[in-house]
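What's in coords_4.tsv: TSV, C-alpha atoms
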chain	number	residue	atom	x	y	z
A	1	MET	CA	141.73	150.60	55.69
A	2	ALA	CA	141.84	146.85	55.94
A	3	LEU	CA	141.44	145.63	59.45
A	4	VAL	CA	143.38	142.45	60.09
A	5	ARG	CA	142.09	140.46	63.01
A	6	ASN	CA	142.73	136.95	64.21
A	7	VAL	CA	139.22	135.77	63.55
A	8	PHE	CA	137.34	133.88	60.89
A	9	LEU	CA	134.40	135.74	59.38
A	10	ALA	CA	131.47	133.42	59.50
A	11	VAL	CA	129.06	135.82	57.85
A	12	VAL	CA	129.61	134.09	54.58
A	13	ALA	CA	129.35	130.49	55.70
A	14	VAL	CA	125.75	129.81	54.70
A	15	SER	CA	124.04	126.56	55.71
A	16	ALA	CA	121.34	124.96	53.62
A	17	ILE	CA	119.14	123.36	56.26
A	18	ALA	CA	115.52	122.48	56.78
A	19	ILE	CA	114.61	125.23	59.26
A	20	THR	CA	112.64	128.10	57.72
A	21	PRO	CA	112.17	131.60	59.22
A	22	GLY	CA	108.67	130.57	60.28
A	23	ASP	CA	110.02	127.52	62.07
A	24	ALA	CA	112.61	129.66	63.84
A	25	GLU	CA	109.97	132.04	65.15
A	26	ALA	CA	107.88	129.11	66.35
A	27	CYS	CA	110.71	127.85	68.55
A	28	SER	CA	111.05	129.97	71.66
A	29	CYS	CA	114.77	129.24	71.99
A	30	ALA	CA	115.59	131.05	68.73
A	31	GLY	CA	116.14	134.36	70.54
A	32	ILE	CA	119.27	133.22	72.40
A	33	GLY	CA	122.27	135.31	71.38
A	34	VAL	CA	125.22	133.90	69.47
A	35	GLY	CA	127.51	134.60	72.42
A	36	GLY	CA	125.32	132.42	74.60
A	37	HIS	CA	125.38	129.62	72.04
A	38	PHE	CA	129.16	129.78	71.82
A	39	ALA	CA	129.59	129.82	75.59
A	40	ALA	CA	127.23	126.88	76.09
A	41	ALA	CA	128.67	124.68	73.32
A	42	ASP	CA	131.14	121.94	74.14
A	43	ALA	CA	132.67	122.32	70.67
A	44	VAL	CA	132.23	124.62	67.68
A	45	TYR	CA	133.32	123.56	64.20
A	46	VAL	CA	133.56	125.15	60.76
A	47	ALA	CA	132.45	122.26	58.59
A	48	ARG	CA	130.82	120.94	55.44
A	49	ALA	CA	128.11	118.27	55.47
A	50	PHE	CA	128.09	114.91	53.75
A	51	GLN	CA	124.96	112.93	52.86
A	52	ASN	CA	122.47	112.31	55.65
A	53	MET	CA	121.83	108.56	55.99
A	54	LYS	CA	119.24	106.48	57.84
A	55	VAL	CA	120.67	103.43	59.57
A	56	GLY	CA	118.03	101.35	61.33
A	57	LYS	CA	116.22	103.69	63.69
A	58	ARG	CA	118.95	106.34	63.60
A	59	TRP	CA	120.00	109.20	61.32
A	60	ILE	CA	123.76	109.49	60.82
A	61	GLN	CA	125.46	112.41	59.10
A	62	SER	CA	129.17	113.04	58.75
A	63	PHE	CA	130.90	116.40	58.40
A	64	ARG	CA	134.33	117.38	57.20
A	65	VAL	CA	135.78	119.77	59.77
A	66	PHE	CA	137.84	122.59	58.28
A	67	GLU	CA	138.60	124.35	61.58
A	68	THR	CA	137.85	123.95	65.27
A	69	LEU	CA	136.73	127.22	66.85
A	70	LYS	CA	136.22	125.73	70.29
A	71	GLY	CA	136.70	122.37	71.99
A	72	LYS	CA	138.43	119.20	70.83
A	73	ALA	CA	140.06	119.54	67.43
A	74	ARG	CA	139.10	116.93	64.86
A	75	ARG	CA	139.06	116.36	61.12
A	76	ASN	CA	135.63	114.77	60.97
A	77	PHE	CA	132.48	114.96	63.05
A	78	GLN	CA	129.64	112.42	63.03
A	79	TRP	CA	126.14	113.35	64.13
A	80	ASN	CA	124.09	110.40	65.36
A	81	ARG	CA	120.48	111.02	66.34
A	82	PRO	CA	117.07	109.26	66.55
A	83	ALA	CA	114.96	108.81	63.41
A	84	VAL	CA	111.99	110.44	65.14
A	85	LEU	CA	112.66	114.16	64.95
A	86	SER	CA	111.19	117.15	66.76
A	87	PRO	CA	109.41	120.01	64.91
A	88	CYS	CA	112.54	122.14	65.36
A	89	HIS	CA	114.99	119.54	64.09
A	90	VAL	CA	118.02	120.48	62.02
A	91	GLU	CA	118.79	118.83	58.71
A	92	PHE	CA	121.93	119.84	56.83
A	93	LYS	CA	121.90	119.16	53.10
A	94	ALA	CA	124.88	117.39	51.55
A	95	GLY	CA	127.53	119.94	50.63
A	96	ALA	CA	126.14	122.63	52.95
A	97	SER	CA	128.64	124.84	54.78
A	98	ALA	CA	127.95	125.30	58.47
A	99	ILE	CA	129.20	126.24	61.88
A	100	LEU	CA	128.26	123.44	64.24
A	101	PHE	CA	127.47	124.10	67.90
A	102	VAL	CA	127.95	120.71	69.53
A	103	ASP	CA	126.68	119.97	73.05
A	104	LYS	CA	128.31	117.65	75.59
A	105	SER	CA	126.32	114.66	74.31
A	106	GLY	CA	127.61	115.21	70.78
A	107	ASP	CA	124.24	116.42	69.50
A	108	LEU	CA	123.31	119.42	67.34
A	109	HIS	CA	120.14	120.99	68.70
A	110	PHE	CA	118.24	123.85	67.12
A	111	CYS	CA	118.26	125.59	70.50
A	112	SER	CA	122.05	125.35	70.59
A	113	GLY	CA	122.47	127.69	67.62
A	114	ASN	CA	122.22	125.23	64.74
A	115	PHE	CA	119.51	127.04	62.83
A	116	GLY	CA	121.26	128.33	59.74
A	117	LEU	CA	123.95	130.96	59.50
A	118	ALA	CA	122.12	132.85	56.77
A	119	GLY	CA	119.59	133.94	59.38
A	120	LEU	CA	122.14	135.51	61.73
A	121	ARG	CA	122.90	139.23	61.76
A	122	ASP	CA	126.29	140.56	60.73
A	123	GLY	CA	127.01	141.67	64.29
A	124	ASP	CA	126.33	138.14	65.51
A	125	PHE	CA	129.00	136.74	63.19
A	126	THR	CA	131.56	139.28	64.35
A	127	GLN	CA	130.83	138.53	67.99
A	128	LEU	CA	131.04	134.79	67.44
A	129	LEU	CA	134.37	134.92	65.73
A	130	ALA	CA	135.88	137.37	68.15
A	131	LEU	CA	135.09	134.83	70.85
A	132	ALA	CA	136.40	131.97	68.74
A	133	ALA	CA	139.68	133.66	67.87
A	134	HIS	CA	140.87	134.43	71.39
A	135	ASN	CA	144.69	134.33	71.50
A	136	ARG	CA	144.96	133.35	67.82
A	137	ALA	CA	147.26	135.81	66.08
A	138	THR	CA	147.76	134.42	62.58
A	139	ALA	CA	148.55	136.55	59.53
A	140	PRO	CA	146.68	135.80	56.29
A	141	GLN	CA	148.64	134.36	53.37
A	142	THR	CA	149.11	136.60	50.32
A	143	ARG	CA	148.08	133.83	47.92
A	144	THR	CA	144.84	133.26	49.77
A	145	VAL	CA	144.02	136.98	49.78
A	146	VAL	CA	144.68	137.25	46.05
A	147	ASP	CA	142.49	134.22	45.33
A	148	ALA	CA	139.72	135.67	47.49
A	149	VAL	CA	139.78	139.01	45.65
A	150	ALA	CA	139.72	137.18	42.33
A	151	ARG	CA	136.67	135.19	43.41
A	152	GLY	CA	134.93	138.18	44.93
A	153	THR	CA	135.26	140.32	41.81
A	154	LYS	CA	134.50	137.56	39.31
A	155	GLY	CA	132.02	138.80	36.73
A	156	PHE	CA	132.69	142.46	37.60
A	157	ARG	CA	136.22	143.01	36.27
A	158	HIS	CA	134.94	143.33	32.67
A	159	LYS	CA	138.34	142.52	31.13
A	160	ARG	CA	139.90	145.66	32.58
A	161	GLN	CA	143.65	145.45	32.18
A	162	ARG	CA	144.50	146.76	35.65
A	163	ILE	CA	142.55	147.18	38.89
A	164	GLU	CA	144.08	148.55	42.05
A	165	VAL	CA	143.37	146.71	45.30
A	166	ARG	CA	143.89	148.83	48.43
A	167	THR	CA	144.72	146.90	51.59
A	168	GLY	CA	145.78	149.70	53.92
A	169	GLY	CA	148.54	147.51	55.27
A	170	LYS	CA	151.30	145.09	54.29
A	171	ILE	CA	148.95	142.14	53.82
A	172	ALA	CA	149.47	141.57	50.13
A	173	SER	CA	151.66	143.45	47.68
A	174	GLY	CA	152.79	143.45	44.10
A	175	ASN	CA	150.92	142.66	40.91
A	176	HIS	CA	149.00	139.45	40.37
A	177	GLN	CA	147.55	138.37	37.04
A	178	VAL	CA	143.98	137.05	37.19
A	179	GLY	CA	142.75	136.15	33.72
A	180	GLY	CA	143.15	139.25	31.57
A	181	THR	CA	143.30	141.60	34.57
A	182	GLN	CA	146.27	142.61	36.67
A	183	LEU	CA	145.35	143.05	40.34
A	184	ALA	CA	147.76	145.66	41.67
A	185	PHE	CA	147.89	145.67	45.47
A	186	VAL	CA	148.58	149.15	46.83
A	187	GLN	CA	148.29	151.05	50.12
A	188	ARG	CA	147.55	154.50	48.71
A	189	GLN	CA	144.03	155.80	48.20
A	190	GLY	CA	142.80	156.16	44.64
A	191	ASN	CA	139.78	156.10	42.37
A	192	ASN	CA	137.87	152.99	41.25
A	193	GLN	CA	139.81	150.73	43.60
A	194	VAL	CA	138.81	147.51	45.22
A	195	VAL	CA	139.07	148.37	48.92
A	196	LEU	CA	139.61	145.49	51.32
A	197	ARG	CA	137.69	146.36	54.46
A	198	GLU	CA	138.55	143.29	56.51
A	199	ILE	CA	140.90	140.36	56.19
A	200	VAL	CA	140.33	137.85	58.94
A	201	ARG	CA	141.79	134.48	59.79
A	202	ALA	CA	141.40	131.74	62.36
A	203	GLY	CA	143.63	128.73	61.90
A	204	ASN	CA	143.50	127.62	58.27
A	205	VAL	CA	140.35	129.60	57.38
A	206	THR	CA	140.53	133.13	55.94
A	207	ALA	CA	137.73	135.54	55.05
A	208	VAL	CA	138.11	138.67	52.94
A	209	VAL	CA	135.54	141.46	52.86
A	210	GLY	CA	135.88	144.03	50.09
A	211	ARG	CA	134.09	146.81	48.22
A	212	TYR	CA	134.47	147.66	44.52
A	213	GLU	CA	132.90	151.11	44.35
A	214	ARG	CA	133.13	151.34	40.57
A	215	GLU	CA	130.69	148.43	40.28
A	216	GLY	CA	128.73	149.00	43.48
A	217	LEU	CA	129.84	145.56	44.61
A	218	THR	CA	130.45	144.29	48.13
A	219	PHE	CA	131.88	140.78	48.41
A	220	VAL	CA	132.70	138.35	51.17
A	221	VAL	CA	134.84	135.33	50.37
A	222	VAL	CA	135.86	132.54	52.71
A	223	MET	CA	138.83	130.36	51.79
A	224	VAL	CA	140.22	127.27	53.48
A	225	GLN	CA	143.92	126.46	53.18
A	226	PRO	CA	144.21	122.65	53.39
A	227	ARG	CA	147.00	121.26	55.49
A	228	GLY	CA	149.72	119.36	53.69
A	229	HIS	CA	151.39	119.76	50.29
A	230	ARG	CA	151.63	118.33	46.81
A	231	THR	CA	154.88	117.05	45.31
A	232	LEU	CA	155.93	117.90	41.76
A	233	LYS	CA	157.86	115.49	39.53
A	234	SER	CA	160.92	117.60	40.25
A	235	GLY	CA	160.55	116.76	43.92
A	236	LYS	CA	159.54	120.29	44.88
A	237	HIS	CA	156.81	120.61	47.51
A	238	LEU	CA	154.02	123.13	47.00
A	239	PRO	CA	151.14	123.99	49.35
A	240	LEU	CA	147.73	122.69	48.35
A	241	LYS	CA	145.41	125.11	46.58
A	242	PRO	CA	142.95	126.97	48.83
A	243	ILE	CA	139.39	125.67	48.87
A	244	VAL	CA	136.58	128.15	48.25
A	245	PHE	CA	134.31	127.71	51.26
A	246	HIS	CA	131.80	130.38	50.29
A	247	VAL	CA	131.43	133.42	48.05
A	248	ARG	CA	128.85	136.15	48.53
A	249	GLN	CA	128.46	139.10	46.13
A	250	ILE	CA	126.05	141.94	46.89
A	251	GLU	CA	125.27	144.74	44.43
A	252	THR	CA	124.05	148.05	45.86
Spit out the file's structure as structure tokens when you get a sec.
Amino acid sequence: MALVRNVFLAVVAVSAIAITPGDAEACSCAGIGVGGHFAAADAVYVARAFQNMKVGKRWIQSFRVFETLKGKARRNFQWNRPAVLSPCHVEFKAGASAILFVDKSGDLHFCSGNFGLAGLRDGDFTQLLALAAHNRATAPQTRTVVDAVARGTKGFRHKRQRIEVRTGGKIASGNHQVGGTQLAFVQRQGNNQVVLREIVRAGNVTAVVGRYEREGLTFVVVMVQPRGHRTLKSGKHLPLKPIVFHVRQIET
């Protein structure tokens, strides 16, 4: 049964940063729980990094903010720090997805939780987003869920004409053509279905967690629905296409 909650699943937002597991163990602050990091942060953002640039004796890196989980909402965040870095410094690569824990000075310290989301445990992500989503009751959009399932099962549909997708609730319905395969969203239990275990959303960010037993595939897909619309020549307004924030496929 799909569990719809008003949270964004950060488990799939993986940051490509300079800290290695060995570095993390060397820094005594690494053992602080995610709940403590969230509570201590002045702001928490779901973001993507731009190029890191050296300006004089400073490093400056900008981020596009997709969603504010805590603190002052903004579209962009700029990280300005000294050129001389500590052994436990953080360095986000251009294009890396991240959750940023920003302190009151506007800095991103390793000890504040900025050490790479790939190293966190699944339970940590759930706890973080439960905290972040307090009083946010937003239903996921059908189009976003369909796109997420299409991305999550890419390479595993094998040109099958029809695959049932069980949601366990009225989240998405009907038939949706994806390439040569029809994704049929149903609520009944059946064989060889794609079962959506969780569909979670905070603001304009949605995550879908599913399991395709026939292929032994578990997938987690995070989509961002940009604000605004595009205008056709006819004058009709259509929502912008969702952005794929991250896709994770695990075969077991």
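Distances here use all atoms listed in the file; by that measure, the residue among A:Lys93, A:Ser112, A:Met53, A:Phe101 closest to Ile32 (chain A) is A:Ser112.
CA of Arg227 (chain A) is positioned 23.7 Å from CA of Leu131 (chain A).
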* **Contacts of region 69-80 of chain A at 6 Å (all atoms listed in the file; same-chain gap of 5+ positions) as a VMD selection string** => chain A and resid 42 to 45 59 to 64 132
* Asked: Skipping near chain neighbours, those fewer than 5 positions away, what residues fall within 7 Å of region 211-215 of chain A using only C-alpha atoms, listed as a PyMOL selection string?
  -> chain A and resi 156+192-196
* Which is closest to Thr142 (chain A) among A:Gln161, A:Ala41, A:Lys154, A:Thr167, if we use only C-alpha atoms? ->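 Looking only at the distances to Thr142 (chain A), the closest residue turns out to be A:Thr167.
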